[in-house]
$ cat run01.cif   # mmCIF, C-alpha atoms and all ligand atoms
data_entry
#
loop_
_atom_site.label_atom_id
_atom_site.label_comp_id
_atom_site.auth_asym_id
_atom_site.auth_seq_id
_atom_site.Cartn_x
_atom_site.Cartn_y
_atom_site.Cartn_z
CA MET V 294 -17.07 -3.19 27.05
CA MET V 295 -13.43 -2.57 27.69
CA LEU V 296 -10.65 -4.65 26.18
CA ARG V 297 -7.01 -4.54 27.17
CA PRO V 298 -4.57 -5.54 24.41
CA ALA V 299 -2.51 -7.58 26.88
CA GLU V 300 -5.56 -9.67 27.81
CA ILE V 301 -6.82 -10.61 24.33
CA SER V 302 -5.25 -12.74 21.61
CA ASN V 303 -3.23 -11.33 18.74
CA ALA V 304 -5.98 -12.55 16.38
CA ASP V 305 -8.53 -10.48 18.32
CA ARG V 306 -6.24 -7.42 18.34
CA TYR V 307 -5.89 -7.79 14.57
CA ARG V 308 -9.63 -8.19 13.98
CA LEU V 309 -10.42 -5.21 16.21
CA LEU V 310 -8.00 -3.03 14.29
CA ILE V 311 -9.04 -4.01 10.77
CA GLY V 312 -12.73 -3.90 11.72
CA THR V 313 -12.61 -0.40 13.17
CA VAL V 314 -9.85 1.47 11.35
CA LEU V 315 -11.52 1.62 7.95
CA PRO V 316 -12.02 2.08 5.07
CA ARG V 317 -8.30 1.86 4.39
CA PRO V 318 -6.72 3.00 1.12
CA ILE V 319 -4.55 0.45 -0.64
CA ALA V 320 -0.90 0.93 -1.55
CA TRP V 321 -0.06 -1.50 -4.33
CA VAL V 322 3.69 -1.62 -3.78
CA SER V 323 6.23 -2.72 -6.38
CA SER V 324 9.83 -3.43 -5.36
CA LEU V 325 12.89 -5.37 -6.55
CA ASP V 326 14.72 -8.11 -4.71
CA ALA V 327 18.51 -8.28 -4.38
CA GLU V 328 18.75 -10.04 -7.77
CA GLY V 329 16.57 -7.40 -9.42
CA ARG V 330 13.44 -9.56 -9.67
CA PRO V 331 10.19 -7.58 -9.41
CA ASN V 332 7.65 -8.00 -6.63
CA LEU V 333 4.16 -6.53 -6.26
CA ALA V 334 1.90 -6.65 -3.18
CA PRO V 335 -1.00 -4.68 -1.65
CA PHE V 336 -0.81 -2.99 1.77
CA SER V 337 -3.82 -1.32 3.36
CA TYR V 338 -1.92 -0.13 6.41
CA PHE V 339 -1.11 2.87 4.26
CA THR V 340 -1.36 6.63 4.42
CA VAL V 341 0.31 9.98 3.79
CA ALA V 342 3.05 11.11 6.18
CA CYS V 343 3.46 14.69 4.92
CA SER V 344 3.64 16.82 1.77
CA ASP V 345 7.04 18.50 2.23
CA PRO V 346 9.00 16.38 1.69
CA MET V 347 6.24 14.50 -0.11
CA THR V 348 6.17 11.26 1.90
CA LEU V 349 4.02 8.13 2.05
CA LEU V 350 4.10 5.23 4.49
CA PHE V 351 2.90 1.64 4.49
CA CYS V 352 3.28 -1.19 7.00
CA PRO V 353 4.18 -4.81 6.23
CA GLN V 354 3.24 -7.05 9.16
CA MET V 355 5.06 -10.16 10.31
CA PRO V 356 2.35 -12.84 9.98
CA ALA V 357 1.81 -14.93 13.12
CA ALA V 358 1.30 -17.99 10.89
CA THR V 359 4.70 -17.94 9.16
CA GLY V 360 6.81 -15.71 11.42
CA ARG V 361 8.66 -14.70 8.23
CA ALA V 362 8.85 -11.13 6.88
CA LYS V 363 6.87 -10.40 3.71
CA ASP V 364 9.08 -10.16 0.63
CA THR V 365 8.47 -6.43 0.19
CA LEU V 366 10.26 -5.62 3.46
CA PRO V 367 13.64 -7.30 2.78
CA ASN V 368 13.38 -5.98 -0.78
CA VAL V 369 13.19 -2.33 0.25
CA ARG V 370 15.88 -2.85 2.91
CA GLU V 371 18.16 -4.31 0.21
CA ARG V 372 17.25 -1.91 -2.62
CA PRO V 373 15.95 1.26 -0.98
CA GLU V 374 13.28 2.26 -3.49
CA PHE V 375 9.72 1.26 -4.39
CA VAL V 376 6.61 2.44 -6.22
CA VAL V 377 3.24 2.97 -4.54
CA ASN V 378 0.63 2.30 -7.23
CA ILE V 379 -2.90 3.43 -6.44
CA CYS V 380 -5.52 0.71 -6.82
CA ASP V 381 -8.87 1.63 -8.41
CA GLU V 382 -12.06 -0.28 -9.28
CA SER V 383 -10.62 -1.46 -12.60
CA THR V 384 -7.51 -3.02 -11.03
CA VAL V 385 -8.95 -4.35 -7.76
CA GLU V 386 -9.08 -8.00 -8.89
CA ALA V 387 -5.52 -7.95 -10.22
CA MET V 388 -4.45 -6.26 -6.98
CA ASN V 389 -6.06 -9.06 -4.97
CA ALA V 390 -4.32 -11.70 -7.11
CA THR V 391 -0.96 -10.14 -6.25
CA SER V 392 -1.56 -10.78 -2.54
CA ALA V 393 -0.97 -14.50 -3.13
CA PRO V 394 1.86 -15.83 -0.93
CA LEU V 395 4.34 -16.63 -3.71
CA PRO V 396 7.87 -17.81 -2.94
CA PRO V 397 10.53 -15.07 -2.81
CA GLY V 398 11.76 -14.11 -6.28
CA ARG V 399 8.55 -15.19 -8.05
CA SER V 400 7.00 -12.14 -9.76
CA GLU V 401 3.41 -11.22 -8.89
CA PHE V 402 3.40 -9.09 -12.06
CA GLU V 403 3.62 -12.34 -14.06
CA HIS V 404 1.46 -14.39 -11.69
CA ALA V 405 -1.44 -11.90 -11.86
CA GLY V 406 -0.93 -10.79 -15.49
CA VAL V 407 -0.19 -7.20 -14.47
CA ALA V 408 1.66 -5.23 -17.15
CA PRO V 409 4.66 -3.31 -15.81
CA ALA V 410 5.79 0.11 -17.06
CA GLU V 411 9.24 1.62 -16.69
CA SER V 412 9.73 4.14 -13.93
CA VAL V 413 11.71 7.34 -14.38
CA THR V 414 13.60 7.93 -11.13
CA VAL V 415 13.81 4.38 -9.72
CA PHE V 416 14.69 0.98 -11.20
CA VAL V 417 11.50 -0.58 -9.82
CA PRO V 418 8.75 -1.03 -12.45
CA ARG V 419 5.35 0.52 -11.81
CA VAL V 420 1.88 -0.82 -12.70
CA ALA V 421 1.05 0.41 -16.21
CA ALA V 422 -2.72 0.41 -15.55
CA ALA V 423 -2.54 2.31 -12.24
CA PRO V 424 -4.24 5.72 -12.44
CA VAL V 425 -1.58 7.13 -10.13
CA ALA V 426 1.90 5.84 -9.26
CA TYR V 427 4.34 7.35 -6.78
CA GLU V 428 7.99 6.55 -7.37
CA CYS V 429 9.64 6.57 -3.93
CA ARG V 430 13.09 6.48 -2.37
CA LEU V 431 13.18 4.73 1.01
CA GLN V 432 13.38 7.38 3.70
CA ARG V 433 13.42 5.17 6.78
CA ILE V 434 11.98 2.00 8.28
CA VAL V 435 10.68 2.01 11.83
CA ASP V 436 10.30 -1.51 13.26
CA VAL V 437 7.45 -1.86 15.78
CA GLY V 438 7.68 -4.91 18.02
CA GLU V 439 9.41 -8.20 17.27
CA GLY V 440 8.35 -11.58 15.92
CA PRO V 441 4.90 -12.75 14.79
CA GLY V 442 2.31 -9.94 14.87
CA SER V 443 4.92 -7.19 14.80
CA GLY V 444 5.19 -4.68 11.99
CA SER V 445 7.40 -2.19 10.25
CA VAL V 446 6.56 1.31 9.06
CA VAL V 447 8.17 1.99 5.70
CA PHE V 448 8.48 5.68 4.78
CA GLY V 449 9.14 6.66 1.18
CA GLU V 450 9.95 10.08 -0.20
CA VAL V 451 8.16 10.64 -3.49
CA LEU V 452 10.54 11.42 -6.34
CA CYS V 453 8.08 11.36 -9.22
CA VAL V 454 4.29 11.13 -9.61
CA HIS V 455 2.60 9.55 -12.61
CA ILE V 456 -1.05 10.57 -12.86
CA ARG V 457 -3.49 10.20 -15.73
CA ASP V 458 -4.00 13.52 -17.51
CA ALA V 459 -7.75 13.44 -16.80
CA LEU V 460 -7.06 13.13 -13.07
CA TRP V 461 -5.08 16.34 -12.65
CA VAL V 462 -7.39 19.19 -13.60
CA ASP V 463 -6.61 22.77 -12.56
CA GLY V 464 -4.52 21.51 -9.68
CA LYS V 465 -7.22 19.17 -8.31
CA VAL V 466 -8.08 15.48 -8.63
CA PRO V 467 -11.71 14.78 -9.70
CA LEU V 468 -12.76 11.92 -7.41
CA GLU V 469 -15.30 10.52 -9.90
CA GLY V 470 -12.43 9.96 -12.34
CA LEU V 471 -10.22 8.17 -9.82
CA ARG V 472 -12.75 5.57 -8.54
CA PRO V 473 -10.63 4.47 -5.57
CA VAL V 474 -11.40 1.41 -3.45
CA GLY V 475 -11.02 1.00 0.29
CA ARG V 476 -10.28 -2.13 2.28
CA LEU V 477 -12.69 -3.16 5.02
CA ALA V 478 -12.43 -6.23 7.29
CA GLY V 479 -12.14 -9.77 5.91
CA ASN V 480 -12.68 -9.90 2.15
CA ALA V 481 -14.82 -6.74 2.02
CA TYR V 482 -14.06 -3.60 0.03
CA ALA V 483 -15.80 -0.25 -0.39
CA ARG V 484 -16.29 2.04 -3.38
CA VAL V 485 -16.45 5.78 -2.80
CA THR V 486 -19.98 6.42 -4.07
CA ASP V 487 -21.76 8.32 -1.30
CA VAL V 488 -19.89 11.55 -0.69
CA PHE V 489 -21.07 14.41 1.49
CA GLU V 490 -19.46 17.70 2.43
CA LEU V 491 -18.85 19.30 5.79
CA ARG V 492 -17.43 22.79 6.13
CA ARG V 493 -14.62 23.12 8.60
CA PRO V 494 -15.01 25.75 11.29
CA ASP V 495 -13.21 29.06 10.66
C1 LIG O 501 -6.22 -5.39 0.04
C2 LIG O 501 -5.09 -6.02 0.81
C3 LIG O 501 -4.42 -5.28 1.76
C4 LIG O 501 -3.36 -5.83 2.49
N1 LIG O 501 -2.73 -5.06 3.41
C5 LIG O 501 -1.68 -5.56 4.10
C6 LIG O 501 -0.96 -4.74 5.02
O1 LIG O 501 -1.26 -3.56 5.23
N2 LIG O 501 0.10 -5.30 5.66
C7 LIG O 501 0.48 -6.59 5.42
O2 LIG O 501 1.47 -7.05 6.02
N3 LIG O 501 -0.16 -7.37 4.54
C8 LIG O 501 -1.22 -6.88 3.87
N4 LIG O 501 -1.88 -7.67 2.95
C9 LIG O 501 -1.37 -9.02 2.66
C10 LIG O 501 -0.17 -8.95 1.70
O3 LIG O 501 -0.52 -8.29 0.50
C11 LIG O 501 0.30 -10.38 1.37
O4 LIG O 501 0.78 -10.98 2.56
C12 LIG O 501 1.36 -10.44 0.29
O5 LIG O 501 1.60 -11.78 -0.07
C13 LIG O 501 2.68 -9.82 0.70
O6 LIG O 501 3.51 -9.89 -0.43
P1 LIG O 501 5.09 -9.92 -0.40
O7 LIG O 501 5.49 -11.12 0.45
O8 LIG O 501 5.43 -10.08 -1.85
O9 LIG O 501 5.58 -8.63 0.18
C14 LIG O 501 -2.96 -7.17 2.24
C15 LIG O 501 -3.66 -7.93 1.29
C16 LIG O 501 -4.71 -7.37 0.58
C17 LIG O 501 -5.45 -8.19 -0.44
#

$ encode --input "run01.cif" --output "structure tokens"
Amino acid sequence: MMLRPAEISNADRYRLLIGTVLPRPIAWVSSLDAEGRPNLAPFSYFTVACSDPMTLLFCPQMPAATGRAKDTLPNVRERPEFVVNICDESTVEAMNATSAPLPPGRSEFEHAGVAPAESVTVFVPRVAAAPVAYECRLQRIVDVGEGPGSGSVVFGEVLCVHIRDALWVDGKVPLEGLRPVGRLAGNAYARVTDVFELRRPD
């Protein structure tokens, strides 16, 4: 079968992407709005850009249903900093609760009962229970497309990393201690429980 993006619906393009580009890690992003009110939301269009400068990226989409940008995007445009909190098995339900479409200015920290912790290099609070939290300064935003279905790529330079002591051992992260979760399609998630190794060619 061959499908051309121009000949299928946006809903089909979306379902193809989320059903085939997976499992996706989850950035649990905290930000502040113009009045300094905290916001927290998960984004699974998320990855590493590079390690020098240490840079992460995530992508808020413009939902076709509302045609209105998600709160996180205007927040980071207005106050150019955010925290990428890593979501693990113990926080996955709270993370999901923070994806509720609350009105702008209403805190998902409060809504989902997520305890905040003070950050060191940014004003944005981080998630106290997150095993890892990356304090970031906005590096740039690249808008892709326009209107419903479009997206923006938000790059953040990491200024400070909070990581549980037990997760940084001799310069490595023991995976069994992190217990990350990955997003699949629909409401499905994956644990990382079946790991195998493959040596790279010399
Ligand atoms: C696990 C998970 C991953 C998500 N990933 C994305 C994503 O990558 N991009 C996006 O626009 N929305 C994503 N969403 C939906 C947003 O989290 C949701 O629209 C949220 O209300 C946005 O919050 P905000 O308006 O406070 O920024 C995801 C939801 C969940 C539960």

$ atom_distance --input "run01.cif" --atom1 "atom CA of Asp381 of chain V" --atom2 "atom CA of Ala393 of chain V"
18.7 Å

$ closest_residue --input "run01.cif" --among "V:Pro335, V:Pro353, V:Pro316, V:Gly398" --to "Ala483 of chain V" --atoms "only C-alpha atoms"
V:Pro316

$ residues_near_ligand --input "run01.cif" --ligand "ligand LIG 501 (chain O)" --cutoff "9 Å" --atoms "only C-alpha atoms and all ligand atoms" --output "VMD selection string"
chain V and resid 317 to 324 332 to 339 351 to 356 362 to 368 385 388 to 401 444 to 445 475 to 477 480 to 482

$ closest_residue --input "run01.cif" --among "V:Val413, V:Ala342, V:Leu468, V:Ala422" --to "Ser383 of chain V" --atoms "only C-alpha atoms"
V:Ala422

$ residues_around --input "run01.cif" --residues "Thr384 of chain V" --least-positions-apart "4" --cutoff "10 Å" --atoms "only C-alpha atoms" --output "list in words"
Ile379, Cys380, Met388, Asn389, Val407, Val420, Ala422, Ala423, Pro424, Pro473 and Val474 of chain V

$ atom_distance --input "run01.cif" --atom1 "atom CA of Ser443 of chain V" --atom2 "atom CA of Tyr307 of chain V"
10.8 Å

$ closest_residue --input "run01.cif" --among "V:Ser344, V:Val425, V:Glu439, V:Val446" --to "Ala459 of chain V" --atoms "all atoms listed in the file"
V:Val425

$ atom_distance --input "run01.cif" --atom1 "atom CA of Arg492 of chain V" --atom2 "atom CA of Ile456 of chain V"
27.9 Å

$ closest_residue --input "run01.cif" --among "V:Asp458, V:Asp436, V:Asp487, V:Glu371" --to "Leu325 of chain V" --atoms "all atoms listed in the file"
V:Glu371

$ closest_residue --input "run01.cif" --among "V:Pro418, V:Val447, V:Ala405, V:Arg372" --to "Val341 of chain V" --atoms "only C-alpha atoms"
V:Val447

$ axis_aligned_box --input "run01.cif" --around "segment 309-325 of chain V" --padding-each-side "3 Å" --output "JSON"
{"center_x": 0.1, "center_y": -1.2, "center_z": 4.8, "size_x": 31.6, "size_y": 14.4, "size_z": 28.8}

$ closest_residue --input "run01.cif" --among "V:Ala304, V:Ala410, V:Leu296, V:Cys429" --to "Ala357 of chain V" --atoms "only C-alpha atoms"
V:Ala304
